[in-house]
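To be precise, the following lines are start.tsv, and they hold TSV, C-alpha atoms.
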```
chain	number	residue	atom	x	y	z
Q	801	MET	CA	-36.27	-180.55	120.98
Q	802	LYS	CA	-33.86	-178.86	123.36
Q	803	LYS	CA	-33.51	-177.21	126.75
Q	804	TRP	CA	-36.58	-176.14	128.71
Q	805	SER	CA	-38.95	-176.76	125.79
Q	806	LEU	CA	-38.56	-180.44	126.62
Q	807	LEU	CA	-39.21	-179.72	130.28
Q	808	ALA	CA	-42.33	-177.71	129.38
Q	809	LEU	CA	-43.71	-180.60	127.33
Q	810	ALA	CA	-43.02	-183.10	130.09
Q	811	SER	CA	-44.63	-180.77	132.63
Q	812	ALA	CA	-47.79	-180.63	130.55
Q	813	LEU	CA	-47.90	-184.41	130.20
Q	814	LEU	CA	-47.20	-185.05	133.86
Q	815	LEU	CA	-49.29	-182.26	135.39
Q	816	GLY	CA	-50.48	-183.36	138.78
Q	817	CYS	CA	-48.20	-186.40	139.01
Q	818	GLY	CA	-45.72	-184.86	141.45
Q	819	SER	CA	-43.61	-181.80	142.05
Q	820	ASN	CA	-40.49	-182.97	140.21
Q	821	ASP	CA	-41.90	-185.73	138.01
Q	822	ALA	CA	-41.28	-183.72	134.83
Q	823	GLU	CA	-37.59	-183.31	135.62
Q	824	ASP	CA	-37.24	-186.96	136.60
Q	825	ALA	CA	-38.89	-188.07	133.35
Q	826	ILE	CA	-36.45	-185.99	131.31
Q	827	VAL	CA	-33.46	-187.40	133.18
Q	828	GLU	CA	-34.67	-190.98	132.73
Q	829	THR	CA	-35.25	-190.47	128.99
Q	830	VAL	CA	-32.44	-188.19	127.79
Q	831	GLY	CA	-30.26	-187.91	130.87
Q	832	LEU	CA	-26.56	-188.34	131.42
Q	833	ASN	CA	-25.32	-191.72	130.16
Q	834	ILE	CA	-23.68	-192.97	133.32
Q	835	ASP	CA	-22.61	-196.30	131.81
Q	836	SER	CA	-20.37	-194.43	129.37
Q	837	LEU	CA	-18.48	-192.48	132.05
Q	838	SER	CA	-14.95	-193.38	133.12
Q	839	SER	CA	-13.99	-193.32	136.79
Q	840	GLN	CA	-12.31	-189.92	136.27
Q	841	GLN	CA	-15.42	-188.52	134.58
Q	842	LYS	CA	-17.57	-189.74	137.46
Q	843	GLN	CA	-15.15	-188.07	139.85
Q	844	ASN	CA	-15.47	-184.81	137.93
Q	845	TYR	CA	-19.28	-184.89	137.74
Q	846	ALA	CA	-19.53	-185.73	141.43
Q	847	GLN	CA	-17.12	-182.96	142.46
Q	848	ILE	CA	-18.87	-180.30	140.39
Q	849	SER	CA	-22.32	-181.46	141.52
Q	850	THR	CA	-21.18	-181.17	145.13
Q	851	ASP	CA	-19.19	-177.96	144.87
Q	852	ILE	CA	-21.85	-175.88	143.12
Q	853	ASN	CA	-23.94	-176.35	146.28
Q	854	THR	CA	-20.95	-175.20	148.35
Q	855	LEU	CA	-20.68	-171.95	146.39
Q	856	ILE	CA	-24.44	-171.31	146.54
Q	857	ILE	CA	-24.39	-171.73	150.32
Q	858	TYR	CA	-21.45	-169.33	150.61
Q	859	ILE	CA	-23.21	-166.69	148.50
Q	860	GLY	CA	-26.42	-167.21	150.47
Q	861	GLY	CA	-24.46	-166.36	153.61
Q	862	GLN	CA	-23.07	-163.22	151.99
Q	863	CYS	CA	-26.60	-162.15	151.07
Q	864	LEU	CA	-27.89	-162.84	154.57
Q	865	THR	CA	-25.18	-160.62	156.02
Q	866	ALA	CA	-25.94	-157.84	153.53
Q	867	GLU	CA	-29.69	-158.00	154.12
Q	868	SER	CA	-29.27	-158.14	157.90
Q	869	ASN	CA	-27.06	-155.06	157.83
Q	870	LYS	CA	-29.82	-153.15	156.04
Q	871	ASN	CA	-32.33	-154.00	158.79
Q	872	PRO	CA	-30.36	-154.96	161.92
Q	873	ASN	CA	-33.45	-155.00	164.14
Q	874	LEU	CA	-35.50	-157.23	161.81
Q	875	THR	CA	-35.29	-161.02	161.78
Q	876	LEU	CA	-35.34	-162.04	158.14
Q	877	THR	CA	-37.78	-164.78	157.14
Q	878	GLY	CA	-37.15	-164.66	153.41
Q	879	PHE	CA	-35.12	-162.79	150.81
Q	880	THR	CA	-33.76	-163.07	147.28
Q	881	CYS	CA	-30.12	-163.04	146.33
Q	882	ASN	CA	-28.66	-162.02	142.97
Q	883	ILE	CA	-25.54	-164.08	142.33
Q	884	ALA	CA	-24.14	-161.40	140.02
Q	885	ASP	CA	-23.82	-159.07	143.03
Q	886	HIS	CA	-21.56	-161.49	144.90
Q	887	LYS	CA	-19.85	-163.82	142.42
Q	888	ASP	CA	-16.59	-161.83	142.38
Q	889	ALA	CA	-16.24	-162.25	146.15
Q	890	VAL	CA	-17.19	-165.92	146.25
Q	891	SER	CA	-14.90	-168.36	148.02
Q	892	GLN	CA	-13.06	-171.00	146.03
Q	893	THR	CA	-13.48	-174.76	146.05
Q	894	GLN	CA	-10.31	-176.79	146.49
Q	895	PHE	CA	-10.91	-179.67	144.09
Q	896	SER	CA	-12.83	-178.09	141.20
Q	897	SER	CA	-12.88	-174.98	139.05
Q	898	ILE	CA	-16.30	-173.34	138.76
Q	899	SER	CA	-17.00	-169.95	137.21
Q	900	LEU	CA	-20.35	-168.51	138.21
Q	901	ILE	CA	-22.27	-166.49	135.61
Q	902	SER	CA	-25.70	-165.54	136.94
Q	903	GLY	CA	-28.77	-166.63	138.85
Q	904	VAL	CA	-31.18	-165.51	141.55
Q	905	LEU	CA	-31.63	-167.42	144.81
Q	906	ASP	CA	-34.85	-167.51	146.80
Q	907	ILE	CA	-33.98	-168.10	150.46
Q	908	THR	CA	-36.54	-168.96	153.15
Q	909	ARG	CA	-35.69	-168.86	156.84
Q	910	SER	CA	-37.94	-171.09	158.95
Q	911	SER	CA	-36.09	-170.46	162.24
Q	912	GLU	CA	-33.06	-168.64	163.55
Q	913	THR	CA	-30.82	-171.45	162.26
Q	914	ASP	CA	-32.74	-173.20	159.43
Q	915	PHE	CA	-32.62	-172.06	155.80
Q	916	LYS	CA	-34.05	-173.39	152.55
Q	917	ILE	CA	-32.32	-172.23	149.37
Q	918	GLN	CA	-34.04	-172.47	145.98
Q	919	THR	CA	-33.63	-170.75	142.62
Q	920	LYS	CA	-35.84	-168.00	141.29
Q	921	ASP	CA	-33.63	-167.93	138.18
Q	922	ASN	CA	-31.37	-170.87	137.36
Q	923	VAL	CA	-27.79	-170.70	138.54
Q	924	LYS	CA	-25.64	-170.58	135.39
Q	925	PHE	CA	-21.97	-171.50	135.53
Q	926	HIS	CA	-19.00	-172.94	133.65
Q	927	ALA	CA	-17.05	-176.03	134.72
Q	928	ALA	CA	-14.56	-177.09	132.07
Q	929	SER	CA	-13.88	-180.47	133.71
Q	930	ILE	CA	-17.31	-181.74	132.61
Q	931	SER	CA	-18.57	-179.43	129.84
Q	932	ASP	CA	-17.64	-176.98	127.09
Q	933	GLY	CA	-21.05	-175.32	127.45
Q	934	THR	CA	-23.06	-173.42	130.03
Q	935	LEU	CA	-24.36	-175.44	132.95
Q	936	ASN	CA	-27.66	-174.66	134.64
Q	937	TYR	CA	-28.65	-175.66	138.18
Q	938	ARG	CA	-32.34	-175.58	139.08
Q	939	LEU	CA	-33.75	-175.75	142.61
Q	940	VAL	CA	-37.56	-175.58	142.52
Q	941	ASP	CA	-40.52	-177.50	143.98
Q	942	ASP	CA	-39.04	-180.36	146.04
Q	943	ASN	CA	-35.50	-179.53	144.91
Q	944	ALA	CA	-33.62	-177.36	147.38
Q	945	ILE	CA	-30.58	-176.92	149.55
Q	946	HIS	CA	-31.39	-177.23	153.25
Q	947	PHE	CA	-28.85	-175.48	155.45
Q	948	ILE	CA	-28.67	-175.51	159.26
Q	949	VAL	CA	-26.42	-173.24	161.29
Q	950	ASN	CA	-24.81	-174.97	164.26
Q	951	GLU	CA	-23.39	-172.66	166.89
Q	952	THR	CA	-21.45	-175.46	168.61
Q	953	GLY	CA	-20.04	-177.35	165.62
Q	954	SER	CA	-20.06	-177.57	161.84
Q	955	ASP	CA	-23.00	-176.17	159.92
Q	956	SER	CA	-24.84	-178.84	157.94
Q	957	ALA	CA	-26.30	-179.06	154.43
Q	958	SER	CA	-28.34	-181.45	152.33
Q	959	PHE	CA	-29.45	-180.96	148.73
Q	960	ARG	CA	-31.36	-182.22	145.72
Q	961	GLY	CA	-31.08	-180.39	142.40
Q	962	PHE	CA	-31.61	-180.65	138.64
Q	963	PHE	CA	-28.79	-179.97	136.17
Q	964	ARG	CA	-28.89	-179.08	132.49
Q	965	ASP	CA	-25.73	-178.99	130.38
Q	966	ASP	CA	-26.06	-176.77	127.29
Q	967	LYS	CA	-23.00	-178.28	125.68
Q	968	THR	CA	-22.36	-177.89	121.96
Q	969	VAL	CA	-23.58	-181.42	121.12
Q	970	ASP	CA	-26.81	-182.73	122.70
Q	971	VAL	CA	-28.17	-181.14	125.85
Q	972	THR	CA	-27.72	-183.42	128.88
Q	973	TYR	CA	-29.66	-183.61	132.16
Q	974	TRP	CA	-29.07	-185.19	135.57
Q	975	THR	CA	-30.08	-184.88	139.20
Q	976	ALA	CA	-27.81	-184.89	142.23
Q	977	GLU	CA	-28.92	-185.44	145.80
Q	978	SER	CA	-27.42	-186.04	149.19
Q	979	LEU	CA	-28.11	-189.39	150.84
Q	980	GLY	CA	-29.13	-190.70	154.20
Q	981	THR	CA	-29.93	-189.05	157.47
Q	982	THR	CA	-26.42	-187.64	157.98
Q	983	PRO	CA	-26.02	-184.33	156.09
Q	984	PHE	CA	-22.81	-182.83	154.79
Q	985	ASP	CA	-20.72	-180.63	157.07
Q	986	TYR	CA	-20.25	-177.15	155.63
Q	987	ASP	CA	-16.86	-175.64	156.42
Q	988	GLU	CA	-14.84	-172.54	155.52
Q	989	ASP	CA	-11.21	-171.75	156.22
Q	990	THR	CA	-10.38	-168.90	158.59
Q	991	ASN	CA	-10.05	-166.36	155.78
Q	992	SER	CA	-13.04	-167.69	153.81
Q	993	GLN	CA	-10.76	-168.30	150.86
Q	994	HIS	CA	-12.11	-171.83	150.51
Q	995	SER	CA	-15.34	-173.55	151.44
Q	996	TRP	CA	-16.36	-177.19	151.15
Q	997	LEU	CA	-18.94	-179.87	151.95
Q	998	ALA	CA	-17.35	-182.62	154.04
Q	999	ASN	CA	-18.17	-186.06	155.42
Q	1000	GLY	CA	-21.36	-186.62	153.43
Q	1001	THR	CA	-22.67	-188.93	150.72
Q	1002	ALA	CA	-24.62	-188.20	147.54
Q	1003	LYS	CA	-25.67	-189.70	144.22
Q	1004	ILE	CA	-26.20	-188.69	140.61
Q	1005	THR	CA	-29.11	-190.10	138.62
Q	1006	GLY	CA	-28.97	-190.20	134.82
Q	1007	LYS	CA	-30.51	-191.93	131.82
Q	1008	ASP	CA	-32.57	-195.09	132.41
Q	1009	ASP	CA	-32.55	-194.30	136.12
Q	1010	LYS	CA	-28.90	-195.36	136.38
Q	1011	THR	CA	-27.02	-193.94	139.38
Q	1012	PHE	CA	-23.64	-193.71	141.00
Q	1013	ASN	CA	-22.76	-192.40	144.43
Q	1014	TRP	CA	-19.82	-191.05	146.37
Q	1015	GLY	CA	-18.62	-189.66	149.66
Q	1016	THR	CA	-16.57	-186.59	150.52
Q	1017	SER	CA	-13.51	-186.39	152.73
Q	1018	ALA	CA	-12.97	-184.02	155.66
Q	1019	THR	CA	-11.60	-181.49	153.14
Q	1020	GLY	CA	-14.44	-181.89	150.62
Q	1021	GLU	CA	-12.72	-184.11	148.07
Q	1022	VAL	CA	-14.96	-186.64	146.33
Q	1023	GLU	CA	-14.06	-190.24	147.07
Q	1024	LEU	CA	-15.14	-192.93	144.60
Q	1025	PRO	CA	-16.62	-195.41	144.65
Q	1026	LEU	CA	-18.94	-195.53	147.60
Q	1027	THR	CA	-20.49	-198.56	145.87
Q	1028	GLU	CA	-20.16	-200.10	142.45
```
Starting from the file, lay out its structure as structure tokens.
Amino acid sequence: MKKWSLLALASALLLGCGSNDAEDAIVETVGLNIDSLSSQQKQNYAQISTDINTLIIYIGGQCLTAESNKNPNLTLTGFTCNIADHKDAVSQTQFSSISLISGVLDITRSSETDFKIQTKDNVKFHAASISDGTLNYRLVDDNAIHFIVNETGSDSASFRGFFRDDKTVDVTYWTAESLGTTPFDYDEDTNSQHSWLANGTAKITGKDDKTFNWGTSATGEVELPLTE
């Protein structure tokens, strides 16, 4: 049984147990085998799992600008964002290579500075450093990117999301989430050619509830290990 058919079955079995229990059950049962990963593979998974959030935040900002320009006198409280409309203009990440394919974001604005980013359609992308297949990133229920604009310093971001790797042999699942009360700093260079999540910590959870965690440098590079 592959892909979302497994998720659908788990959802039926776990109905009412919790918003993301179905996803967590899949990860625990048939998730990424963390014990089999080398240090370099962990580095790659951590960098991709961080940087996909960076690119989604950047595109969300592009969509906010576009929507605001349509209605300059209206304060937006929510809007959708089609990644296909912006992927060619997306900024680059410095320590990974990610090629966006498609997806639709559902963005809620709770105040002038606070945004919650989820997926209406999964974000699909390629990242050759970890997979020869199509990767899917899902942000629904309790999974989301929380983004706060700071007028006097760095913008901040925290995240929790569910990944599916449609590689050629055996579909793989994992979750990635930021840790602690200190969120990542979101930064862009002056020409918006690069963007990154800096000075934060996060973890990946895989099969049998095994985890590993990491931090990011001031330039967004993953630093392993945070703990062993």
Atom CA of Phe925 of chain Q to atom CA of Ser896 of chain Q, distance in Å rounded to a single decimal: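 Separating atom CA of Phe925 of chain Q from atom CA of Ser896 of chain Q is a distance of 12.6 Å.
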Residues near Thr982 of chain Q, cut-off 10 Å, all atoms listed in the file, skip fewer than 4 positions along chain, as a PyMOL selection string: chain Q and resi 956-958+978+999-1001
For Gln918 of chain Q, the nearest of the candidates Q:Ile901, Q:Phe879, Q:Val890, Q:Lys870, counting all atoms listed in the file: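 Going through Q:Ile901, Q:Phe879, Q:Val890, Q:Lys870 one by one, the smallest distance to Gln918 of chain Q is for Q:Phe879.
Between Lys1007 of chain Q and the candidates Q:Glu823, Q:Glu828, Q:Glu977, Q:Asp987, the tightest atom-to-atom separation, counting all atoms listed in the file, involves Q:Glu828.
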Do you have, as a tab-separated table, the list of residues of segment 839-908 of chain Q lying at most 12 Å from segment 963-974 of chain Q, each with its nearest atom pair and that distance in Å to one decimal, counting all atoms listed in the file and ordered by chain then number?
```
residue	atom	partner	partner_atom	distance
Q:Tyr845	CA	Q:Trp974	CA	10.0
Q:Ala846	CA	Q:Trp974	CA	11.2
Q:Ile848	CA	Q:Phe963	CA	10.8
Q:Ser849	CA	Q:Phe963	CA	8.5
Q:Thr850	CA	Q:Phe963	CA	11.8
Q:Ile852	CA	Q:Phe963	CA	10.6
Q:Asn853	CA	Q:Phe963	CA	11.8
```
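Straight-line separation from atom CA of Val1022 of chain Q to atom CA of Thr893 of chain Q: 12.0 Å.
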Interatomic distance, atom CA of His994 of chain Q to atom CA of Gln892 of chain Q (Å, one decimal):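 A separation of 4.7 Å between them.
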Contacts of Ala884 of chain Q at 10 Å (all atoms listed in the file; same-chain gap of 6+ positions) as a list in words: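 Counting all atoms listed in the file, the residues come to Leu900, Ile901, Ser902, Gly903 and Val904 of chain Q.
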Need to verify the contact set: segment 862-867 of chain Q, 12 Å, all atoms listed in the file, exclusion of same-chain residues closer than 6 positions in sequence. Can you return it as an mmCIF file with C-alpha atoms, in the coordinates of the input?
```cif
data_model
loop_
_atom_site.group_PDB
_atom_site.id
_atom_site.type_symbol
_atom_site.label_atom_id
_atom_site.label_comp_id
_atom_site.auth_asym_id
_atom_site.auth_seq_id
_atom_site.Cartn_x
_atom_site.Cartn_y
_atom_site.Cartn_z
ATOM 1 C CA LEU Q 855 -20.680 -171.950 146.390
ATOM 2 C CA ILE Q 856 -24.440 -171.310 146.540
ATOM 3 C CA ASN Q 873 -33.450 -155.000 164.140
ATOM 4 C CA LEU Q 874 -35.500 -157.230 161.810
ATOM 5 C CA THR Q 875 -35.290 -161.020 161.780
ATOM 6 C CA LEU Q 876 -35.340 -162.040 158.140
ATOM 7 C CA THR Q 877 -37.780 -164.780 157.140
ATOM 8 C CA GLY Q 878 -37.150 -164.660 153.410
ATOM 9 C CA PHE Q 879 -35.120 -162.790 150.810
ATOM 10 C CA THR Q 880 -33.760 -163.070 147.280
ATOM 11 C CA CYS Q 881 -30.120 -163.040 146.330
ATOM 12 C CA ASN Q 882 -28.660 -162.020 142.970
ATOM 13 C CA ILE Q 883 -25.540 -164.080 142.330
ATOM 14 C CA ALA Q 884 -24.140 -161.400 140.020
ATOM 15 C CA ASP Q 885 -23.820 -159.070 143.030
ATOM 16 C CA HIS Q 886 -21.560 -161.490 144.900
ATOM 17 C CA LYS Q 887 -19.850 -163.820 142.420
ATOM 18 C CA ASP Q 888 -16.590 -161.830 142.380
ATOM 19 C CA ALA Q 889 -16.240 -162.250 146.150
ATOM 20 C CA VAL Q 890 -17.190 -165.920 146.250
ATOM 21 C CA SER Q 891 -14.900 -168.360 148.020
ATOM 22 C CA VAL Q 904 -31.180 -165.510 141.550
ATOM 23 C CA LEU Q 905 -31.630 -167.420 144.810
ATOM 24 C CA ASP Q 906 -34.850 -167.510 146.800
ATOM 25 C CA ILE Q 907 -33.980 -168.100 150.460
ATOM 26 C CA THR Q 908 -36.540 -168.960 153.150
ATOM 27 C CA ARG Q 909 -35.690 -168.860 156.840
ATOM 28 C CA GLU Q 912 -33.060 -168.640 163.550
ATOM 29 C CA THR Q 913 -30.820 -171.450 162.260
ATOM 30 C CA PHE Q 915 -32.620 -172.060 155.800
ATOM 31 C CA ILE Q 917 -32.320 -172.230 149.370
ATOM 32 C CA SER Q 992 -13.040 -167.690 153.810
#
```
Asn844 of chain Q surroundings by only C-alpha atoms, 7 Å radius, close-in-sequence under 3 positions cut, as a list of chain:residue names: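 Counting only C-alpha atoms, the residues come to Q:Gln840, Q:Gln841, Q:Gln847, Q:Ile848, Q:Ser929, Q:Ile930.
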Selected residue, from Q:Asn1013, Q:Ser899, Q:Thr975, Q:Gln993, that lies nearest to Leu939 of chain Q when counting all atoms listed in the file: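 With all atoms listed in the file as the atom set, the closest residue is Q:Thr975.
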Nearest residue to Ser897 of chain Q from the set Q:Ser868, Q:Lys916, Q:Ala1018, Q:Ala928 (distances using all atoms listed in the file):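 Among the listed residues, the smallest separation from Ser897 of chain Q belongs to Q:Ala928.
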Give the padded box for segment 889-903 of chain Q as lines of an AutoDock Vina configuration file: axis-aligned, covering all atoms listed in the file, 4 Å on each side, centre and edge lengths in Å to one decimal.
```
center_x = -19.5
center_y = -171.0
center_z = 141.8
size_x = 26.5
size_y = 25.4
size_z = 20.4
```
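In terms of minimum interatomic distance to Ser911 of chain Q, Q:Ile948 ranks closest within Q:Lys842, Q:Ile834, Q:Val827, Q:Ile948, counting only C-alpha atoms.
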Excluding Ser954 of chain Q and its own-chain neighbours fewer than 2 positions away, which residues fall within 9 Å of it when counting only C-alpha atoms? Please give them as a short mmCIF file (atom, residue, chain, number, x, y, z; two decimals) with C-alpha atoms, in the frame of the given file.
```cif
data_model
loop_
_atom_site.label_atom_id
_atom_site.label_comp_id
_atom_site.auth_asym_id
_atom_site.auth_seq_id
_atom_site.Cartn_x
_atom_site.Cartn_y
_atom_site.Cartn_z
CA VAL Q 949 -26.42 -173.24 161.29
CA ASN Q 950 -24.81 -174.97 164.26
CA GLU Q 951 -23.39 -172.66 166.89
CA THR Q 952 -21.45 -175.46 168.61
CA SER Q 956 -24.84 -178.84 157.94
CA ASP Q 985 -20.72 -180.63 157.07
CA TYR Q 986 -20.25 -177.15 155.63
CA ASP Q 987 -16.86 -175.64 156.42
#
```
Within 8 Å of file point (-34.8, -174.8, 142.8), counting all atoms listed in the file, expressed as a ChimeraX atom specification: /Q:917-920,922,937-944,961-962
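Nearest to Phe895 of chain Q of all the residues Q:Asp835, Q:Glu988, Q:Asp932, Q:Asp851 is Q:Asp851, based on all atoms listed in the file.
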